[in-house]
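Structure file data.tsv; described as TSV, C-alpha atoms and all ligand atoms.
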```tsv
chain	number	residue	atom	x	y	z
A	554	MET	CA	11.58	-18.66	23.64
A	555	ASP	CA	15.10	-17.59	22.81
A	556	LYS	CA	16.15	-16.45	19.37
A	557	ASN	CA	17.53	-19.76	18.10
A	558	GLU	CA	14.44	-21.58	19.22
A	559	ILE	CA	12.19	-19.08	17.44
A	560	LEU	CA	14.18	-19.34	14.20
A	561	ARG	CA	14.21	-23.15	14.37
A	562	GLU	CA	10.53	-23.54	15.17
A	563	ASP	CA	9.52	-20.93	12.62
A	564	LYS	CA	11.26	-23.05	10.00
A	565	GLN	CA	9.59	-26.17	11.36
A	566	PHE	CA	6.01	-24.89	11.78
A	567	ILE	CA	5.49	-21.95	9.44
A	568	ALA	CA	4.90	-22.30	5.70
A	569	ASN	CA	8.00	-21.42	3.71
A	570	THR	CA	6.58	-18.37	1.98
A	571	TYR	CA	8.91	-15.69	3.36
A	572	ALA	CA	12.65	-15.13	2.94
A	573	ARG	CA	13.02	-13.68	6.42
A	574	PHE	CA	15.99	-11.77	7.74
A	575	PRO	CA	17.38	-13.44	10.89
A	576	VAL	CA	16.02	-10.88	13.34
A	577	VAL	CA	13.29	-11.32	15.95
A	578	ILE	CA	11.57	-7.97	16.37
A	579	ALA	CA	10.35	-7.67	19.93
A	580	SER	CA	9.38	-4.08	20.71
A	581	GLY	CA	9.97	-0.48	19.78
A	582	GLU	CA	9.26	3.18	20.19
A	583	GLY	CA	8.38	5.46	17.28
A	584	ALA	CA	10.77	4.75	14.41
A	585	CYS	CA	13.07	2.70	16.64
A	586	LEU	CA	12.73	-1.09	16.75
A	587	LYS	CA	14.33	-3.42	19.23
A	588	ASP	CA	15.12	-7.08	18.63
A	589	CYS	CA	14.99	-9.86	21.23
A	590	ASP	CA	18.67	-9.33	22.08
A	591	GLY	CA	18.08	-5.65	22.81
A	592	LYS	CA	19.77	-4.41	19.62
A	593	GLU	CA	18.16	-1.24	18.26
A	594	TYR	CA	17.32	-0.40	14.66
A	595	ILE	CA	16.09	2.71	12.89
A	596	ASP	CA	12.91	1.59	11.16
A	597	CYS	CA	12.64	2.65	7.52
A	598	ALA	CA	10.07	-0.03	6.71
A	599	SER	CA	7.24	0.45	9.24
A	600	GLY	CA	6.18	-3.15	8.71
A	601	ILE	CA	5.80	-2.44	4.96
A	602	GLY	CA	4.08	0.88	5.41
A	603	VAL	CA	1.72	-0.31	8.12
A	604	ASN	CA	2.93	1.24	11.39
A	605	ILE	CA	2.32	4.70	10.03
A	606	PHE	CA	3.01	6.41	13.38
A	607	GLY	CA	5.62	3.90	14.46
A	608	ILE	CA	5.58	1.67	17.51
A	609	ASN	CA	3.96	2.30	20.86
A	610	ASP	CA	2.06	5.33	19.60
A	611	GLU	CA	0.02	6.60	22.54
A	612	GLU	CA	-2.91	8.08	20.66
A	613	TRP	CA	-3.50	5.01	18.50
A	614	LYS	CA	-3.08	2.67	21.48
A	615	GLU	CA	-5.62	4.67	23.47
A	616	ALA	CA	-8.19	4.41	20.67
A	617	VAL	CA	-7.62	0.68	20.26
A	618	LYS	CA	-7.63	-0.09	23.98
A	619	ALA	CA	-10.81	1.89	24.58
A	620	GLN	CA	-12.56	-0.12	21.88
A	621	ILE	CA	-11.27	-3.45	23.21
A	622	ASP	CA	-12.77	-2.54	26.57
A	623	ASN	CA	-16.15	-2.21	24.83
A	624	ILE	CA	-16.38	-5.01	22.27
A	625	GLN	CA	-13.85	-6.76	20.02
A	626	HIS	CA	-16.02	-7.86	17.09
A	627	VAL	CA	-19.47	-7.17	15.72
A	628	CYS	CA	-20.62	-9.18	12.73
A	629	ASN	CA	-21.85	-7.25	9.74
A	630	LEU	CA	-25.47	-8.24	10.34
A	631	TYR	CA	-25.59	-5.49	12.97
A	632	TYR	CA	-24.51	-1.86	13.22
A	633	SER	CA	-21.38	-0.68	14.97
A	634	ALA	CA	-20.23	2.88	15.62
A	635	PRO	CA	-16.46	2.69	14.82
A	636	GLN	CA	-17.16	1.42	11.29
A	637	VAL	CA	-19.54	4.30	10.61
A	638	GLU	CA	-17.11	6.82	12.10
A	639	LEU	CA	-14.28	5.61	9.89
A	640	ALA	CA	-16.41	5.52	6.74
A	641	LYS	CA	-17.67	9.02	7.48
A	642	ALA	CA	-14.12	10.27	8.08
A	643	LEU	CA	-12.96	8.80	4.75
A	644	CYS	CA	-15.97	10.14	2.85
A	645	THR	CA	-15.58	13.60	4.36
A	646	ARG	CA	-11.89	13.58	3.62
A	647	THR	CA	-11.94	12.34	0.02
A	648	GLY	CA	-15.42	13.03	-1.29
A	649	CYS	CA	-16.10	9.34	-1.80
A	650	ARG	CA	-19.72	8.33	-1.24
A	651	LYS	CA	-19.55	4.92	0.35
A	652	VAL	CA	-16.91	2.61	1.79
A	653	PHE	CA	-16.64	-1.18	1.95
A	654	PHE	CA	-14.28	-2.53	4.60
A	655	GLY	CA	-12.20	-5.68	4.28
A	656	ASN	CA	-9.10	-6.80	6.13
A	657	SER	CA	-6.24	-6.32	3.69
A	658	GLY	CA	-5.12	-4.63	0.52
A	659	ALA	CA	-5.93	-7.67	-1.56
A	660	GLU	CA	-9.48	-7.72	-0.22
A	661	ALA	CA	-9.92	-4.02	-0.89
A	662	ASN	CA	-8.84	-4.68	-4.48
A	663	GLU	CA	-11.12	-7.72	-4.78
A	664	CYS	CA	-13.98	-5.44	-3.85
A	665	ALA	CA	-12.90	-2.88	-6.45
A	666	ILE	CA	-12.72	-5.58	-9.13
A	667	LYS	CA	-16.19	-6.84	-8.22
A	668	ALA	CA	-17.61	-3.31	-8.13
A	669	ALA	CA	-16.11	-2.54	-11.55
A	670	ARG	CA	-17.41	-5.77	-13.07
A	671	LYS	CA	-20.89	-5.30	-11.69
A	672	TYR	CA	-20.93	-1.71	-12.93
A	673	GLY	CA	-19.73	-2.71	-16.40
A	674	ASN	CA	-21.70	-5.93	-16.75
A	675	THR	CA	-25.03	-4.49	-15.73
A	676	ARG	CA	-24.76	-1.37	-17.88
A	677	TYR	CA	-22.84	-2.43	-20.96
A	678	GLY	CA	-21.88	-6.11	-20.81
A	679	ARG	CA	-18.30	-5.01	-20.08
A	680	TYR	CA	-16.03	-6.91	-17.74
A	681	GLU	CA	-12.39	-6.48	-18.83
A	682	ILE	CA	-9.99	-4.65	-16.59
A	683	ILE	CA	-6.79	-3.06	-17.81
A	684	THR	CA	-3.95	-3.04	-15.29
A	685	LEU	CA	-0.39	-1.88	-15.81
A	686	LYS	CA	2.80	-3.79	-16.41
A	687	ASN	CA	4.89	-3.89	-13.21
A	688	SER	CA	1.83	-3.36	-11.05
A	689	PHE	CA	1.15	-5.17	-7.80
A	690	HIS	CA	-2.38	-5.64	-6.50
A	691	GLY	CA	-2.19	-8.56	-4.06
A	692	ARG	CA	-1.89	-12.30	-3.64
A	693	THR	CA	-5.41	-13.67	-4.02
A	694	ILE	CA	-6.11	-15.24	-7.39
A	695	ALA	CA	-8.04	-12.23	-8.71
A	696	THR	CA	-5.56	-9.65	-7.47
A	697	LEU	CA	-2.66	-11.83	-8.60
A	698	THR	CA	-4.27	-11.94	-12.02
A	699	ALA	CA	-4.53	-8.15	-11.87
A	700	THR	CA	-0.83	-7.92	-10.98
A	701	GLY	CA	1.08	-7.21	-14.19
A	702	GLN	CA	4.27	-9.07	-13.40
A	703	GLU	CA	5.13	-12.41	-15.00
A	704	GLU	CA	7.11	-13.64	-12.01
A	705	PHE	CA	3.93	-13.68	-9.92
A	706	HIS	CA	2.11	-15.70	-12.57
A	707	LYS	CA	4.08	-18.90	-12.16
A	708	TYR	CA	2.43	-22.01	-10.69
A	709	TYR	CA	-1.13	-20.78	-10.24
A	710	ASP	CA	-2.76	-21.31	-13.61
A	711	PRO	CA	-5.37	-20.96	-14.80
A	712	PHE	CA	-5.87	-17.30	-13.98
A	713	LEU	CA	-9.05	-15.29	-14.33
A	714	LYS	CA	-10.25	-14.15	-17.71
A	715	GLY	CA	-10.69	-10.52	-18.50
A	716	PHE	CA	-7.44	-8.83	-17.50
A	717	ARG	CA	-5.06	-7.05	-19.87
A	718	TYR	CA	-1.69	-5.54	-19.03
A	719	ALA	CA	-0.73	-2.19	-20.49
A	720	GLU	CA	2.47	-0.19	-20.60
A	721	PRO	CA	1.94	3.00	-18.57
A	722	THR	CA	1.38	5.11	-21.69
A	723	MET	CA	-1.75	6.03	-23.65
A	724	ASP	CA	-0.49	3.87	-26.52
A	725	GLY	CA	-0.29	1.01	-24.05
A	726	ILE	CA	-3.83	1.68	-22.83
A	727	PHE	CA	-5.21	1.91	-26.38
A	728	SER	CA	-3.61	-1.38	-27.35
A	729	CYS	CA	-5.45	-3.12	-24.47
A	730	TYR	CA	-8.73	-1.26	-24.82
A	731	THR	CA	-11.72	-3.15	-26.25
A	732	ASP	CA	-15.50	-2.69	-26.23
A	733	LYS	CA	-15.44	-4.96	-23.14
A	734	THR	CA	-13.21	-2.70	-21.01
A	735	CYS	CA	-14.99	-1.76	-17.78
A	736	ALA	CA	-12.11	-0.34	-15.73
A	737	VAL	CA	-8.47	0.67	-15.61
A	738	MET	CA	-6.67	-0.07	-12.36
A	739	ILE	CA	-3.42	1.68	-11.45
A	740	GLU	CA	-1.07	2.48	-8.60
A	741	VAL	CA	-0.18	6.17	-8.89
A	742	ILE	CA	3.14	5.11	-7.39
A	743	GLN	CA	3.99	1.47	-8.05
A	744	GLY	CA	5.38	0.21	-4.75
A	745	GLU	CA	6.42	-3.40	-5.03
A	746	SER	CA	7.94	-3.04	-8.47
A	747	GLY	CA	10.34	-0.30	-7.38
A	748	VAL	CA	8.62	2.92	-6.29
A	749	ASN	CA	7.85	3.98	-9.86
A	750	VAL	CA	5.99	7.27	-9.90
A	751	LEU	CA	3.64	7.33	-12.88
A	752	ASP	CA	3.82	10.26	-15.23
A	753	LYS	CA	1.34	13.03	-14.31
A	754	LYS	CA	0.53	13.79	-17.94
A	755	PHE	CA	-0.26	10.12	-18.58
A	756	LEU	CA	-2.50	10.04	-15.51
A	757	LYS	CA	-4.38	13.13	-16.67
A	758	GLU	CA	-4.89	11.66	-20.15
A	759	LEU	CA	-5.95	8.35	-18.66
A	760	GLU	CA	-8.52	10.09	-16.48
A	761	LYS	CA	-9.97	11.82	-19.55
A	762	PHE	CA	-9.93	8.59	-21.59
A	763	CYS	CA	-11.85	6.77	-18.85
A	764	ARG	CA	-14.35	9.57	-18.30
A	765	GLU	CA	-15.20	9.84	-22.00
A	766	ARG	CA	-16.03	6.14	-22.19
A	767	ASP	CA	-17.60	5.60	-18.77
A	768	ILE	CA	-14.70	3.30	-17.93
A	769	LEU	CA	-14.01	3.27	-14.19
A	770	LEU	CA	-10.65	4.53	-12.99
A	771	ILE	CA	-9.47	2.56	-9.96
A	772	CYS	CA	-6.52	3.81	-7.89
A	773	ASP	CA	-4.85	1.18	-5.72
A	774	GLU	CA	-3.56	3.31	-2.84
A	775	VAL	CA	-2.86	0.37	-0.56
A	776	GLN	CA	0.75	1.41	-0.19
A	777	CYS	CA	0.93	5.04	-1.32
A	778	GLY	CA	-2.17	6.17	0.57
A	779	ASN	CA	-2.87	7.58	4.02
A	780	GLY	CA	-0.31	10.39	4.08
A	781	ARG	CA	2.63	8.25	2.95
A	782	THR	CA	3.51	10.52	0.01
A	783	GLY	CA	2.80	13.84	1.69
A	784	TYR	CA	-0.74	13.73	0.26
A	785	MET	CA	-3.68	12.01	1.89
A	786	TYR	CA	-3.91	9.92	-1.29
A	787	ALA	CA	-1.38	10.02	-4.10
A	788	TYR	CA	-4.04	10.66	-6.76
A	789	GLU	CA	-4.39	14.12	-5.20
A	790	TRP	CA	-0.76	14.77	-6.10
A	791	ALA	CA	-1.56	13.81	-9.69
A	792	GLY	CA	-4.67	16.00	-9.74
A	793	ILE	CA	-6.94	13.21	-10.97
A	794	GLN	CA	-10.30	11.99	-9.70
A	795	PRO	CA	-10.69	8.20	-9.56
A	796	ASP	CA	-14.03	6.40	-9.36
A	797	ILE	CA	-12.78	3.81	-6.89
A	798	VAL	CA	-9.88	4.06	-4.43
A	799	THR	CA	-8.57	1.13	-2.44
A	800	THR	CA	-6.33	1.38	0.57
A	801	ALA	CA	-5.04	-0.70	3.48
A	802	LYS	CA	-1.50	-0.91	4.96
A	803	GLY	CA	-1.06	2.39	6.85
A	804	LEU	CA	-4.78	2.99	7.36
A	805	GLY	CA	-4.99	0.68	10.37
A	806	GLY	CA	-1.81	1.91	12.04
A	807	GLY	CA	-0.86	-1.72	12.69
A	808	LEU	CA	-4.12	-3.63	12.70
A	809	PRO	CA	-5.50	-5.37	9.61
A	810	ILE	CA	-7.97	-3.31	7.62
A	811	GLY	CA	-8.69	-2.64	3.98
A	812	ALA	CA	-11.05	-0.07	2.49
A	813	CYS	CA	-12.64	0.21	-0.92
A	814	MET	CA	-13.91	3.74	-1.45
A	815	LEU	CA	-16.69	4.17	-3.97
A	816	PHE	CA	-17.11	7.59	-5.55
A	817	ASP	CA	-20.23	8.99	-7.25
A	818	LYS	CA	-20.62	6.57	-10.13
A	819	CYS	CA	-20.24	3.48	-7.96
A	820	GLU	CA	-22.08	4.72	-4.90
A	821	ASN	CA	-24.93	2.27	-5.33
A	822	VAL	CA	-23.23	-0.41	-7.35
A	823	PHE	CA	-23.65	-2.99	-4.60
A	824	GLY	CA	-26.92	-4.20	-3.15
A	825	ALA	CA	-27.48	-6.30	-0.05
A	826	GLY	CA	-25.84	-9.72	-0.44
A	827	ASP	CA	-23.58	-8.71	-3.36
A	828	HIS	CA	-20.40	-8.75	-1.30
A	829	GLY	CA	-19.30	-9.28	2.28
A	830	THR	CA	-16.69	-10.51	4.73
A	831	THR	CA	-16.87	-11.73	8.32
A	832	PHE	CA	-14.06	-9.67	9.79
A	833	GLY	CA	-14.35	-6.59	7.58
A	834	GLY	CA	-14.69	-3.34	9.46
A	835	ASN	CA	-13.66	-4.86	12.75
A	836	PRO	CA	-14.44	-2.26	15.44
A	837	VAL	CA	-10.97	-2.37	17.04
A	838	ALA	CA	-9.24	-1.89	13.68
A	839	CYS	CA	-11.72	0.86	12.76
A	840	ALA	CA	-11.33	2.71	16.06
A	841	GLY	CA	-7.56	2.74	15.55
A	842	ALA	CA	-7.97	3.84	11.94
A	843	VAL	CA	-10.24	6.76	12.91
A	844	SER	CA	-7.47	8.08	15.13
A	845	ILE	CA	-4.96	7.67	12.28
A	846	VAL	CA	-7.10	9.46	9.67
A	847	ASN	CA	-7.80	12.34	12.06
A	848	ARG	CA	-4.08	12.89	12.54
A	849	ILE	CA	-3.21	13.09	8.86
A	850	THR	CA	-3.66	16.86	8.88
A	851	PRO	CA	-2.44	19.39	6.30
A	852	GLU	CA	0.38	20.25	8.72
A	853	LEU	CA	1.45	16.62	8.97
A	854	LEU	CA	1.34	16.24	5.18
A	855	LEU	CA	3.64	19.25	4.76
A	856	GLU	CA	5.98	17.74	7.31
A	857	VAL	CA	6.02	14.46	5.36
A	858	GLN	CA	6.79	16.34	2.14
A	859	GLY	CA	9.67	18.11	3.89
A	860	LYS	CA	11.08	14.91	5.36
A	861	GLY	CA	10.82	13.15	2.03
A	862	ALA	CA	12.58	15.97	0.22
A	863	TYR	CA	15.33	15.97	2.87
A	864	LEU	CA	15.92	12.22	2.54
A	865	ILE	CA	15.82	12.23	-1.27
A	866	LYS	CA	18.22	15.18	-1.54
A	867	ASN	CA	20.71	13.51	0.79
A	868	ILE	CA	20.42	10.06	-0.73
A	869	GLU	CA	21.04	11.48	-4.22
A	870	HIS	CA	24.45	12.63	-3.01
A	871	ILE	CA	25.56	9.18	-1.87
A	872	LYS	CA	28.28	7.68	-4.05
A	873	ASN	CA	27.07	4.72	-6.17
A	874	VAL	CA	23.46	5.89	-6.06
A	875	SER	CA	22.33	6.19	-9.68
A	876	ALA	CA	18.76	7.34	-9.12
A	877	VAL	CA	16.22	8.07	-6.39
A	878	SER	CA	12.49	7.80	-7.05
A	879	GLY	CA	9.43	8.44	-4.97
A	880	LEU	CA	7.31	11.01	-3.24
A	881	GLY	CA	7.20	11.97	0.43
A	882	LEU	CA	8.22	9.07	2.63
A	883	MET	CA	7.92	6.46	-0.13
A	884	ILE	CA	11.39	6.26	-1.63
A	885	GLY	CA	13.18	3.94	-4.07
A	886	ILE	CA	16.98	3.89	-4.39
A	887	SER	CA	18.85	2.53	-7.41
A	888	THR	CA	22.45	1.55	-6.72
A	889	ASP	CA	25.10	-0.70	-8.23
A	890	LYS	CA	24.62	-3.13	-5.33
A	891	PRO	CA	21.95	-5.84	-5.09
A	892	PRO	CA	19.07	-4.55	-2.93
A	893	ARG	CA	19.08	-7.64	-0.70
A	894	TYR	CA	22.78	-7.08	-0.01
A	895	VAL	CA	22.14	-3.45	0.95
A	896	ALA	CA	19.26	-4.52	3.21
A	897	GLU	CA	21.42	-7.13	4.98
A	898	LYS	CA	24.34	-4.75	5.49
A	899	CYS	CA	22.03	-2.01	6.78
A	900	LEU	CA	20.48	-4.48	9.19
A	901	GLU	CA	23.89	-5.36	10.60
A	902	LYS	CA	24.47	-1.66	11.20
A	903	GLY	CA	21.09	-1.07	12.80
A	904	LEU	CA	18.90	0.15	9.95
A	905	ILE	CA	15.86	-1.63	8.58
A	906	VAL	CA	15.13	-1.00	4.90
A	907	LEU	CA	12.98	-2.79	2.34
A	908	THR	CA	13.68	-3.88	-1.18
A	909	ALA	CA	11.36	-3.49	-4.16
A	910	HIS	CA	12.35	-5.34	-7.30
A	911	ASN	CA	15.75	-3.88	-8.26
A	912	LYS	CA	15.68	-1.03	-5.74
A	913	VAL	CA	16.13	-0.40	-2.04
A	914	ARG	CA	12.86	0.94	-0.68
A	915	LEU	CA	12.24	3.20	2.31
A	916	LEU	CA	8.84	3.50	3.98
A	917	PRO	CA	9.64	4.99	7.39
A	918	PRO	CA	6.92	5.90	9.88
A	919	LEU	CA	5.65	9.42	9.20
A	920	ASN	CA	6.85	10.55	12.63
A	921	ILE	CA	10.49	9.57	12.07
A	922	THR	CA	12.67	12.27	13.63
A	923	LYS	CA	15.42	14.37	12.05
A	924	GLY	CA	17.99	12.58	14.21
A	925	GLN	CA	16.74	9.19	13.09
A	926	MET	CA	16.78	10.27	9.44
A	927	ASP	CA	20.38	11.44	9.84
A	928	THR	CA	21.42	8.12	11.38
A	929	ALA	CA	19.65	6.27	8.58
A	930	LEU	CA	21.42	8.43	5.98
A	931	LYS	CA	24.78	7.79	7.64
A	932	ILE	CA	24.25	4.01	7.53
A	933	LEU	CA	22.95	4.09	3.95
A	934	ASN	CA	26.02	6.08	2.99
A	935	GLU	CA	28.38	3.62	4.67
A	936	VAL	CA	26.74	0.65	2.99
A	937	ILE	CA	26.13	2.01	-0.48
A	938	SER	CA	29.22	4.16	-1.04
A	939	GLN	CA	31.82	1.57	0.01
B	1001	LIG	C1	0.67	-4.50	-0.31
B	1001	LIG	C2	-0.13	-4.16	-1.50
B	1001	LIG	C3	-1.29	-4.88	-1.82
B	1001	LIG	C4	-1.72	-6.11	-1.06
B	1001	LIG	O1	-2.06	-5.81	0.24
B	1001	LIG	P1	-2.21	-7.00	1.31
B	1001	LIG	O2	-2.66	-6.31	2.56
B	1001	LIG	O3	-0.86	-7.65	1.43
B	1001	LIG	O4	-3.21	-7.94	0.77
B	1001	LIG	C5	-2.04	-4.44	-2.89
B	1001	LIG	N1	-1.68	-3.37	-3.61
B	1001	LIG	C6	-0.58	-2.66	-3.33
B	1001	LIG	C7	-0.26	-1.46	-4.14
B	1001	LIG	C8	0.25	-3.03	-2.27
B	1001	LIG	O5	1.36	-2.34	-2.01
```
Is it possible to express this structure as structure tokens?
Amino acid sequence: MDKNEILREDKQFIANTYARFPVVIASGEGACLKDCDGKEYIDCASGIGVNIFGINDEEWKEAVKAQIDNIQHVCNLYYSAPQVELAKALCTRTGCRKVFFGNSGAEANECAIKAARKYGNTRYGRYEIITLKNSFHGRTIATLTATGQEEFHKYYDPFLKGFRYAEPTMDGIFSCYTDKTCAVMIEVIQGESGVNVLDKKFLKELEKFCRERDILLICDEVQCGNGRTGYMYAYEWAGIQPDIVTTAKGLGGGLPIGACMLFDKCENVFGAGDHGTTFGGNPVACAGAVSIVNRITPELLLEVQGKGAYLIKNIEHIKNVSAVSGLGLMIGISTDKPPRYVAEKCLEKGLIVLTAHNKVRLLPPLNITKGQMDTALKILNEVISQ
């Protein structure tokens, strides 16, 4: 199929849910993507934080291929080694006790919501969950309900009961808190709403507030997890200890996977039959994810911190940039230009960036090179400063 045919038939056969840019991505290498016409792009999106070690990564491909040669799917009525290996790696790494695997961020969050409700309902008759304004937790009805943004709440009424939306301050939390509150769910760094890093002091106070009341603290690390910020999980940066952590995107290195990590309090919240999914913990996705987790070493995390600092410092100097937010390789840029315009102009010049609400967002693969960062900075400068 040539490009025009793909664009035409996409419009004809695929549901109109995406405002796509007119590019057909065909292949790549590391943080370099190639379209079907052979044009190259520096990738500062990594498929929305998914291709955490870029394209054509040998180590990840090896792990995935080896598993495909064995077996492609095992239903959850039986045991399978890659799932156990990944769960063990995550538990060892974070101190969580048990992991439930789904296939996406939304599913990981669904699991967290169910875990929190079962925990609260069975102990105290509590079921309300406080989430934050400007949060994003997914597109299923429950995670959409959890998402604290009005624009996502059009069309799909009625939503679930039992969610309240707080400003990211303790006053905000107290004004939503009732004797029915079972959990508070946050993104340490809000991705979709503009790479908003939550205040460390607020996070510390929130942790204490939750602990004192046996309210579960859930960190949605779907986007900011898995080394993205220069920490394995962003809650480590904040110095807080959640009761449930969800992640997805980068964990699979390119294959669909979601994980809901249950810490001490929730270790045994689920019993057999309480929750499940057919594809969850797919052995191919898990084998790839094991190789990813094993590579997010302290050395790599330091490297990510250094790269992030380098990008942020240089972006701050660009004319017309009013603010830069973020941590590690999760960066939000505020400029006087509409983000979509910046993304389109960058694309023309061979740079792929994302938008997030009113900001330009960068989520490059963690192995982006210095040369690629410099090219990206040059293009950003050309587009934003003119
Ligand atoms: C992307 C995202 C989700 C949803 O993940 P899907 O895999 O698209 O379902 C949930 N929470 C956060 C913070 C995200 O960035």
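With atom CA of Cys813 of chain A on one side and atom CA of Arg781 of chain A on the other, the separation reads 17.7 Å.
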Nearest residue to Leu586 of chain A from the set A:Gln625, A:Thr684, A:Gln565, A:Asn609 (distances using only C-alpha atoms):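 Closest residue, counting only C-alpha atoms: A:Asn609.
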Once you count all atoms listed in the file, which residues end up within 8 Å of ligand LIG 1001 (chain B), and could you hand them over as a ChimeraX atom specification? /A:601,656-662,688-693,696,740,743-745,773-777,800-802,809-811
Go ahead and dump the residues you just picked, C-alpha atoms, as a PDB file, keeping the file's coordinate frame.
```
ATOM      1  CA  ILE A 601       5.800  -2.440   4.960  1.00  0.00           C
ATOM      2  CA  ASN A 656      -9.100  -6.800   6.130  1.00  0.00           C
ATOM      3  CA  SER A 657      -6.240  -6.320   3.690  1.00  0.00           C
ATOM      4  CA  GLY A 658      -5.120  -4.630   0.520  1.00  0.00           C
ATOM      5  CA  ALA A 659      -5.930  -7.670  -1.560  1.00  0.00           C
ATOM      6  CA  GLU A 660      -9.480  -7.720  -0.220  1.00  0.00           C
ATOM      7  CA  ALA A 661      -9.920  -4.020  -0.890  1.00  0.00           C
ATOM      8  CA  ASN A 662      -8.840  -4.680  -4.480  1.00  0.00           C
ATOM      9  CA  SER A 688       1.830  -3.360 -11.050  1.00  0.00           C
ATOM     10  CA  PHE A 689       1.150  -5.170  -7.800  1.00  0.00           C
ATOM     11  CA  HIS A 690      -2.380  -5.640  -6.500  1.00  0.00           C
ATOM     12  CA  GLY A 691      -2.190  -8.560  -4.060  1.00  0.00           C
ATOM     13  CA  ARG A 692      -1.890 -12.300  -3.640  1.00  0.00           C
ATOM     14  CA  THR A 693      -5.410 -13.670  -4.020  1.00  0.00           C
ATOM     15  CA  THR A 696      -5.560  -9.650  -7.470  1.00  0.00           C
ATOM     16  CA  GLU A 740      -1.070   2.480  -8.600  1.00  0.00           C
ATOM     17  CA  GLN A 743       3.990   1.470  -8.050  1.00  0.00           C
ATOM     18  CA  GLY A 744       5.380   0.210  -4.750  1.00  0.00           C
ATOM     19  CA  GLU A 745       6.420  -3.400  -5.030  1.00  0.00           C
ATOM     20  CA  ASP A 773      -4.850   1.180  -5.720  1.00  0.00           C
ATOM     21  CA  GLU A 774      -3.560   3.310  -2.840  1.00  0.00           C
ATOM     22  CA  VAL A 775      -2.860   0.370  -0.560  1.00  0.00           C
ATOM     23  CA  GLN A 776       0.750   1.410  -0.190  1.00  0.00           C
ATOM     24  CA  CYS A 777       0.930   5.040  -1.320  1.00  0.00           C
ATOM     25  CA  THR A 800      -6.330   1.380   0.570  1.00  0.00           C
ATOM     26  CA  ALA A 801      -5.040  -0.700   3.480  1.00  0.00           C
ATOM     27  CA  LYS A 802      -1.500  -0.910   4.960  1.00  0.00           C
ATOM     28  CA  PRO A 809      -5.500  -5.370   9.610  1.00  0.00           C
ATOM     29  CA  ILE A 810      -7.970  -3.310   7.620  1.00  0.00           C
ATOM     30  CA  GLY A 811      -8.690  -2.640   3.980  1.00  0.00           C
TER      31      GLY A 811
END
```
Given the choices A:Leu933, A:Pro891, A:Gly701, A:Leu639, which gets closest to Ile905 of chain A if the distance is worked out from all atoms listed in the file?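 Between A:Leu933, A:Pro891, A:Gly701, A:Leu639, the residue approaching Ile905 of chain A most closely is A:Leu933.
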Got a sec: who's within 10 Å of Ile865 of chain A, counting all atoms listed in the file, leaving out chain neighbours fewer than 5 positions off, as a ChimeraX atom specification? /A:859-860,870,876-886,930
Store the residues picked out above, limited to C-alpha atoms, as an mmCIF file, in the frame of the given file.
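This is the output file result.cif:
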```cif
data_model
loop_
_atom_site.group_PDB
_atom_site.id
_atom_site.type_symbol
_atom_site.label_atom_id
_atom_site.label_comp_id
_atom_site.auth_asym_id
_atom_site.auth_seq_id
_atom_site.Cartn_x
_atom_site.Cartn_y
_atom_site.Cartn_z
ATOM 1 C CA GLY A 859 9.670 18.110 3.890
ATOM 2 C CA LYS A 860 11.080 14.910 5.360
ATOM 3 C CA HIS A 870 24.450 12.630 -3.010
ATOM 4 C CA ALA A 876 18.760 7.340 -9.120
ATOM 5 C CA VAL A 877 16.220 8.070 -6.390
ATOM 6 C CA SER A 878 12.490 7.800 -7.050
ATOM 7 C CA GLY A 879 9.430 8.440 -4.970
ATOM 8 C CA LEU A 880 7.310 11.010 -3.240
ATOM 9 C CA GLY A 881 7.200 11.970 0.430
ATOM 10 C CA LEU A 882 8.220 9.070 2.630
ATOM 11 C CA MET A 883 7.920 6.460 -0.130
ATOM 12 C CA ILE A 884 11.390 6.260 -1.630
ATOM 13 C CA GLY A 885 13.180 3.940 -4.070
ATOM 14 C CA ILE A 886 16.980 3.890 -4.390
ATOM 15 C CA LEU A 930 21.420 8.430 5.980
#
```
Nearest candidate to Val843 of chain A (options A:Leu916, A:Leu804, A:Ile739, A:Ala665; using all atoms listed in the file): A:Leu804
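Our summary of the geometry notes that atom CA of Ala909 of chain A is positioned 22.4 Å from atom CA of Asp927 of chain A.
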Applying 10 Å and all atoms listed in the file, which residues near segment 786-794 of chain A remain after dropping the ones on its own chain fewer than 6 positions away? List them as a compact mmCIF listing (two decimals) with C-alpha atoms, keeping the file's coordinate frame.
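Wrote part-v5.txt, looks like this:
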```txt
# COMPACT_ATOMS: atom_id res chain seq x y z
CA THR A 647 -11.94 12.34 0.02
CA GLY A 648 -15.42 13.03 -1.29
CA GLU A 740 -1.07 2.48 -8.60
CA VAL A 741 -0.18 6.17 -8.89
CA ILE A 742 3.14 5.11 -7.39
CA VAL A 750 5.99 7.27 -9.90
CA LEU A 751 3.64 7.33 -12.88
CA ASP A 752 3.82 10.26 -15.23
CA LYS A 753 1.34 13.03 -14.31
CA LYS A 754 0.53 13.79 -17.94
CA PHE A 755 -0.26 10.12 -18.58
CA LEU A 756 -2.50 10.04 -15.51
CA LYS A 757 -4.38 13.13 -16.67
CA GLU A 758 -4.89 11.66 -20.15
CA LEU A 759 -5.95 8.35 -18.66
CA GLU A 760 -8.52 10.09 -16.48
CA LYS A 761 -9.97 11.82 -19.55
CA ARG A 764 -14.35 9.57 -18.30
CA LEU A 770 -10.65 4.53 -12.99
CA ILE A 771 -9.47 2.56 -9.96
CA CYS A 772 -6.52 3.81 -7.89
CA ASP A 773 -4.85 1.18 -5.72
CA GLU A 774 -3.56 3.31 -2.84
CA VAL A 775 -2.86 0.37 -0.56
CA GLN A 776 0.75 1.41 -0.19
CA CYS A 777 0.93 5.04 -1.32
CA GLY A 778 -2.17 6.17 0.57
CA ASN A 779 -2.87 7.58 4.02
CA GLY A 780 -0.31 10.39 4.08
CA THR A 800 -6.33 1.38 0.57
CA PHE A 816 -17.11 7.59 -5.55
CA LEU A 880 7.31 11.01 -3.24
CA GLY A 881 7.20 11.97 0.43
```
